[in-house]
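> For reference, the structure I am asking about is given below.
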Amino acid sequence: NELFVGENVCIQKNQSGIGGGGGVKSLGGYLSLKGAVIAENQAKDGNHGGGVLTAGKTEISDCRIFGNSASRAGGGICFYDSSVGTSGRGIISGTKVYENTAATNGAGIMIGSSKGTVTAEETEVYENQGTEGGIRCQKGSVFQMKGGAVWGNSRYGISNGGNMVLSGNLRIGRKTDLPDTRPSQKGKIQAGGIYNTGELSANAREVVLTWEGDESGCGLYNNGGRAVWNGSISGNFRYGICNAGGGTVEIRDKGSVAFCRWGIYNKKGAKLLL
């Protein structure tokens, strides 16, 4: 099965109950969204995917996905494993995902599929509200982000428990087209930029964490995961990097931590490689 949603199409103010997917749901077929608006849809009754719920091959380009809500995970977009054995995978490019909410994880984008890779290219994820607000990569999932920006999301900009690769001209924590900055989380919690319990690789110098807010957050909080950092971290963080839970952080030759209250905090049992 194939579903194509083209330019100037608006899918708005719909509701789903059992099964989720308030705006669009794809159970294992091919889904193409190009230039569409997915707005103000709801996944109710404890379900995922307020805007888009997909368990198949997916291509989302030049769309605006905003104001959607999920009573579980994935307020804007949710990639998942279906009950019939299919898995969400594909590419998101040139898309804005903003002002979505989720009762649990991944208010902007939730990657919960275990078979296949999700890639975001030159995509902005901002001002989404949830327990792990911007992007959540679940254990067993693979997510790649090339360029774009993640800013203004509640709690964490990015939360990774799977396998994540960040590259290109990517900014996390700051709205790049304005001179002022926005906090990527609010309140006294562990991580403002990235919270990692899985495998994380930031393999380009242009991957930058910049955040100005209170002093309670971290640029990168690595809690039992493995992180290879080759980007830069700067701003008014409490710690640029906090490495805990027996985790490992390797800072490569182009990695840097600057203008933080404390640069690196390596807790007992954790491993830091410079």
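For the structure tokens, the naming scheme is as follows: chains receive sequential letters (A, B, ...) according to their order of presentation, residues are indexed from 1 within each chain, and ligands are indexed from 1 in presentation order.
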Can you tell me, as a PyMOL selection string, what residues are no more than 12 Å from Ile60 (chain A) when counting only C-alpha atoms, ignoring any on the same chain fewer than 4 positions away?

chain A and resi 3-7+24+30-38+52+54+64-65+77+89-97+118-123

> I want to know what sits within 6 Å of Asn128 (chain A), based on only C-alpha atoms, with residues of the same chain fewer than 3 positions away left out; could you give that as an MDAnalysis selection string?

chainID A and resid 98:101 107:108 133:134 153

> Store the residues of this selection in a file with all heavy atoms, as a PDB file, in the first residue's frame.


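Contents of result_27.pdb, as written:
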ATOM      1  N   TYR A  98       7.252  21.529  15.392  1.00  0.00           N
ATOM      2  CA  TYR A  98       7.263  22.477  16.494  1.00  0.00           C
ATOM      3  C   TYR A  98       5.911  22.543  17.219  1.00  0.00           C
ATOM      4  O   TYR A  98       4.877  22.199  16.678  1.00  0.00           O
ATOM      5  CB  TYR A  98       7.661  23.868  16.003  1.00  0.00           C
ATOM      6  CG  TYR A  98       6.746  24.467  14.949  1.00  0.00           C
ATOM      7  CD1 TYR A  98       5.756  25.378  15.295  1.00  0.00           C
ATOM      8  CD2 TYR A  98       6.888  24.144  13.605  1.00  0.00           C
ATOM      9  CE1 TYR A  98       4.921  25.945  14.339  1.00  0.00           C
ATOM     10  CE2 TYR A  98       6.077  24.709  12.637  1.00  0.00           C
ATOM     11  CZ  TYR A  98       5.097  25.609  13.009  1.00  0.00           C
ATOM     12  OH  TYR A  98       4.282  26.159  12.051  1.00  0.00           O
ATOM     13  N   GLU A  99       6.009  22.946  18.494  1.00  0.00           N
ATOM     14  CA  GLU A  99       4.853  23.184  19.347  1.00  0.00           C
ATOM     15  C   GLU A  99       3.928  21.973  19.459  1.00  0.00           C
ATOM     16  O   GLU A  99       2.706  22.102  19.577  1.00  0.00           O
ATOM     17  CB  GLU A  99       4.073  24.419  18.869  1.00  0.00           C
ATOM     18  CG  GLU A  99       4.887  25.701  18.987  1.00  0.00           C
ATOM     19  CD  GLU A  99       4.164  26.921  18.449  1.00  0.00           C
ATOM     20  OE1 GLU A  99       3.025  26.784  17.959  1.00  0.00           O
ATOM     21  OE2 GLU A  99       4.750  28.025  18.502  1.00  0.00           O
ATOM     22  N   ASN A 100       4.523  20.784  19.425  1.00  0.00           N
ATOM     23  CA  ASN A 100       3.769  19.555  19.673  1.00  0.00           C
ATOM     24  C   ASN A 100       3.938  19.141  21.130  1.00  0.00           C
ATOM     25  O   ASN A 100       4.902  19.541  21.791  1.00  0.00           O
ATOM     26  CB  ASN A 100       4.275  18.444  18.750  1.00  0.00           C
ATOM     27  CG  ASN A 100       4.156  18.812  17.287  1.00  0.00           C
ATOM     28  OD1 ASN A 100       3.074  18.814  16.722  1.00  0.00           O
ATOM     29  ND2 ASN A 100       5.283  19.149  16.659  1.00  0.00           N
ATOM     30  N   THR A 101       3.038  18.313  21.631  1.00  0.00           N
ATOM     31  CA  THR A 101       3.121  17.850  23.012  1.00  0.00           C
ATOM     32  C   THR A 101       2.931  16.338  23.072  1.00  0.00           C
ATOM     33  O   THR A 101       2.263  15.748  22.226  1.00  0.00           O
ATOM     34  CB  THR A 101       2.053  18.516  23.898  1.00  0.00           C
ATOM     35  OG1 THR A 101       0.745  18.185  23.410  1.00  0.00           O
ATOM     36  CG2 THR A 101       2.216  20.027  23.920  1.00  0.00           C
ATOM     37  N   ALA A 107       8.221  14.477  22.277  1.00  0.00           N
ATOM     38  CA  ALA A 107       7.101  15.344  21.917  1.00  0.00           C
ATOM     39  C   ALA A 107       7.212  15.829  20.475  1.00  0.00           C
ATOM     40  O   ALA A 107       6.205  16.005  19.795  1.00  0.00           O
ATOM     41  CB  ALA A 107       7.018  16.525  22.871  1.00  0.00           C
ATOM     42  N   GLY A 108       8.442  16.053  19.992  1.00  0.00           N
ATOM     43  CA  GLY A 108       8.637  16.428  18.604  1.00  0.00           C
ATOM     44  C   GLY A 108       8.690  15.206  17.705  1.00  0.00           C
ATOM     45  O   GLY A 108       7.822  14.995  16.856  1.00  0.00           O
ATOM     46  N   GLY A 133      11.513  16.236  25.564  1.00  0.00           N
ATOM     47  CA  GLY A 133      10.733  17.032  24.656  1.00  0.00           C
ATOM     48  C   GLY A 133      11.053  17.035  23.185  1.00  0.00           C
ATOM     49  O   GLY A 133      10.152  16.958  22.366  1.00  0.00           O
ATOM     50  N   GLY A 134      12.320  17.199  22.780  1.00  0.00           N
ATOM     51  CA  GLY A 134      12.596  17.392  21.366  1.00  0.00           C
ATOM     52  C   GLY A 134      12.568  16.113  20.560  1.00  0.00           C
ATOM     53  O   GLY A 134      11.628  15.846  19.812  1.00  0.00           O
ATOM     54  N   ASN A 153      13.023  23.093  23.414  1.00  0.00           N
ATOM     55  CA  ASN A 153      12.191  21.977  23.840  1.00  0.00           C
ATOM     56  C   ASN A 153      12.285  21.768  25.346  1.00  0.00           C
ATOM     57  O   ASN A 153      13.318  22.043  25.956  1.00  0.00           O
ATOM     58  CB  ASN A 153      12.630  20.707  23.109  1.00  0.00           C
ATOM     59  CG  ASN A 153      12.528  20.852  21.614  1.00  0.00           C
ATOM     60  OD1 ASN A 153      11.448  20.841  21.048  1.00  0.00           O
ATOM     61  ND2 ASN A 153      13.667  21.009  20.948  1.00  0.00           N
TER      62      ASN A 153
END

> Please identify all polymer residues within 12 Å of Phe79 (chain A), counting only C-alpha atoms, omitting same-chain residues fewer than 5 positions from it, and present them as a PyMOL selection string.

chain A and resi 20-21+24-28+31+48-59+73-74+86-92+106+108-119+135-138+141-143

> What is the distance, in Å and to one decimal place, between CA of Arg226 (chain A) and CA of Ser82 (chain A)?

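Between CA of Arg226 (chain A) and CA of Ser82 (chain A) the gap is 28.8 Å.
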
> When distances are computed from only C-alpha atoms, which of A:Val125, A:Leu272, A:Ala70, A:Ile264 shows the smallest separation from Gly22 (chain A)?

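The shortest atom-to-atom distance to Gly22 (chain A) comes from A:Ala70.
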
> Just want the 12 Å neighbourhood of Ser167 (chain A), counted on only C-alpha atoms, with same-chain residues fewer than 3 positions away dropped. Output as a PyMOL selection string.

chain A and resi 119-122+143-149+164+170-172+200-208+228-232

> Looking only at the backbone, which of the residues in region 72-204 of chain A does DSSP tag as strand (DSSP E or B), as number ranges by chain?

A: 77-79, 81, 87, 89-93, 96-98, 101-102, 105, 109-111, 117-121, 124-126, 129, 132, 135-137, 142-151, 158-160, 163-172, 194-196, 199-202

> Okay, now the selection with C-alpha atoms, as a PDB file, in the first residue's frame?


ATOM      1  CA  ILE A  77       6.009  12.178  14.480  1.00  0.00           C
ATOM      2  CA  CYS A  78       6.296   8.642  15.832  1.00  0.00           C
ATOM      3  CA  PHE A  79       8.209   5.810  14.121  1.00  0.00           C
ATOM      4  CA  ASP A  81       7.175  -1.315  15.385  1.00  0.00           C
ATOM      5  CA  SER A  87       8.925  -0.996  11.380  1.00  0.00           C
ATOM      6  CA  ARG A  89      12.076   3.999   8.828  1.00  0.00           C
ATOM      7  CA  GLY A  90      12.971   6.680   6.331  1.00  0.00           C
ATOM      8  CA  ILE A  91      13.940  10.338   5.852  1.00  0.00           C
ATOM      9  CA  ILE A  92      12.702  13.676   7.183  1.00  0.00           C
ATOM     10  CA  SER A  93      14.097  16.631   5.213  1.00  0.00           C
ATOM     11  CA  LYS A  96       9.744  22.070  10.786  1.00  0.00           C
ATOM     12  CA  VAL A  97       8.420  20.113  13.784  1.00  0.00           C
ATOM     13  CA  TYR A  98       7.263  22.477  16.494  1.00  0.00           C
ATOM     14  CA  THR A 101       3.121  17.850  23.012  1.00  0.00           C
ATOM     15  CA  ALA A 102       3.375  14.313  24.353  1.00  0.00           C
ATOM     16  CA  ASN A 105       8.688  10.776  25.329  1.00  0.00           C
ATOM     17  CA  ILE A 109       9.940  13.168  17.092  1.00  0.00           C
ATOM     18  CA  MET A 110       9.881   9.696  18.638  1.00  0.00           C
ATOM     19  CA  ILE A 111      12.046   6.965  17.081  1.00  0.00           C
ATOM     20  CA  THR A 117      17.227   3.854  10.244  1.00  0.00           C
ATOM     21  CA  VAL A 118      15.526   7.228  10.545  1.00  0.00           C
ATOM     22  CA  THR A 119      17.460  10.184   9.104  1.00  0.00           C
ATOM     23  CA  ALA A 120      16.650  13.884   9.563  1.00  0.00           C
ATOM     24  CA  GLU A 121      18.311  16.358   7.180  1.00  0.00           C
ATOM     25  CA  GLU A 124      14.200  22.039  12.776  1.00  0.00           C
ATOM     26  CA  VAL A 125      12.678  20.610  15.957  1.00  0.00           C
ATOM     27  CA  TYR A 126      11.679  23.282  18.439  1.00  0.00           C
ATOM     28  CA  GLN A 129       6.745  19.882  25.296  1.00  0.00           C
ATOM     29  CA  GLU A 132      11.832  14.211  26.850  1.00  0.00           C
ATOM     30  CA  ILE A 135      13.756  14.053  19.950  1.00  0.00           C
ATOM     31  CA  ARG A 136      13.786  10.656  21.639  1.00  0.00           C
ATOM     32  CA  CYS A 137      15.681   7.689  20.168  1.00  0.00           C
ATOM     33  CA  VAL A 142      18.951   4.092  14.920  1.00  0.00           C
ATOM     34  CA  PHE A 143      18.747   7.830  14.244  1.00  0.00           C
ATOM     35  CA  GLN A 144      20.960  10.116  12.171  1.00  0.00           C
ATOM     36  CA  MET A 145      20.674  13.908  12.135  1.00  0.00           C
ATOM     37  CA  LYS A 146      22.501  15.930   9.497  1.00  0.00           C
ATOM     38  CA  GLY A 147      22.298  19.693   9.865  1.00  0.00           C
ATOM     39  CA  GLY A 148      19.267  21.579  11.117  1.00  0.00           C
ATOM     40  CA  ALA A 149      18.514  22.752  14.654  1.00  0.00           C
ATOM     41  CA  VAL A 150      16.988  21.549  17.922  1.00  0.00           C
ATOM     42  CA  TRP A 151      16.015  24.296  20.381  1.00  0.00           C
ATOM     43  CA  ILE A 158      17.724  15.204  22.403  1.00  0.00           C
ATOM     44  CA  SER A 159      17.426  12.027  24.469  1.00  0.00           C
ATOM     45  CA  ASN A 160      19.245   8.960  23.122  1.00  0.00           C
ATOM     46  CA  ASN A 163      22.334   4.488  18.325  1.00  0.00           C
ATOM     47  CA  MET A 164      22.561   8.127  17.229  1.00  0.00           C
ATOM     48  CA  VAL A 165      24.895   9.949  14.828  1.00  0.00           C
ATOM     49  CA  LEU A 166      24.956  13.756  14.668  1.00  0.00           C
ATOM     50  CA  SER A 167      26.752  15.529  11.843  1.00  0.00           C
ATOM     51  CA  GLY A 168      26.810  18.528   9.539  1.00  0.00           C
ATOM     52  CA  ASN A 169      26.019  22.126  10.448  1.00  0.00           C
ATOM     53  CA  LEU A 170      23.807  21.181  13.390  1.00  0.00           C
ATOM     54  CA  ARG A 171      22.908  23.516  16.249  1.00  0.00           C
ATOM     55  CA  ILE A 172      21.331  22.251  19.465  1.00  0.00           C
ATOM     56  CA  ILE A 194      21.665  15.885  25.058  1.00  0.00           C
ATOM     57  CA  TYR A 195      20.918  13.061  27.499  1.00  0.00           C
ATOM     58  CA  ASN A 196      22.625   9.840  26.400  1.00  0.00           C
ATOM     59  CA  GLU A 199      25.654   5.017  21.557  1.00  0.00           C
ATOM     60  CA  LEU A 200      26.222   8.605  20.479  1.00  0.00           C
ATOM     61  CA  SER A 201      28.608   9.921  17.828  1.00  0.00           C
ATOM     62  CA  ALA A 202      28.998  13.629  17.062  1.00  0.00           C
TER      63      ALA A 202
END

> Tell me, in Å to one decimal, how far CA of Gln15 (chain A) is from CA of Cys63 (chain A).

19.9 Å

> Between CA of Gly224 (chain A) and CA of Gly246 (chain A), what distance in Å does the model show, to one decimal?

5.0 Å
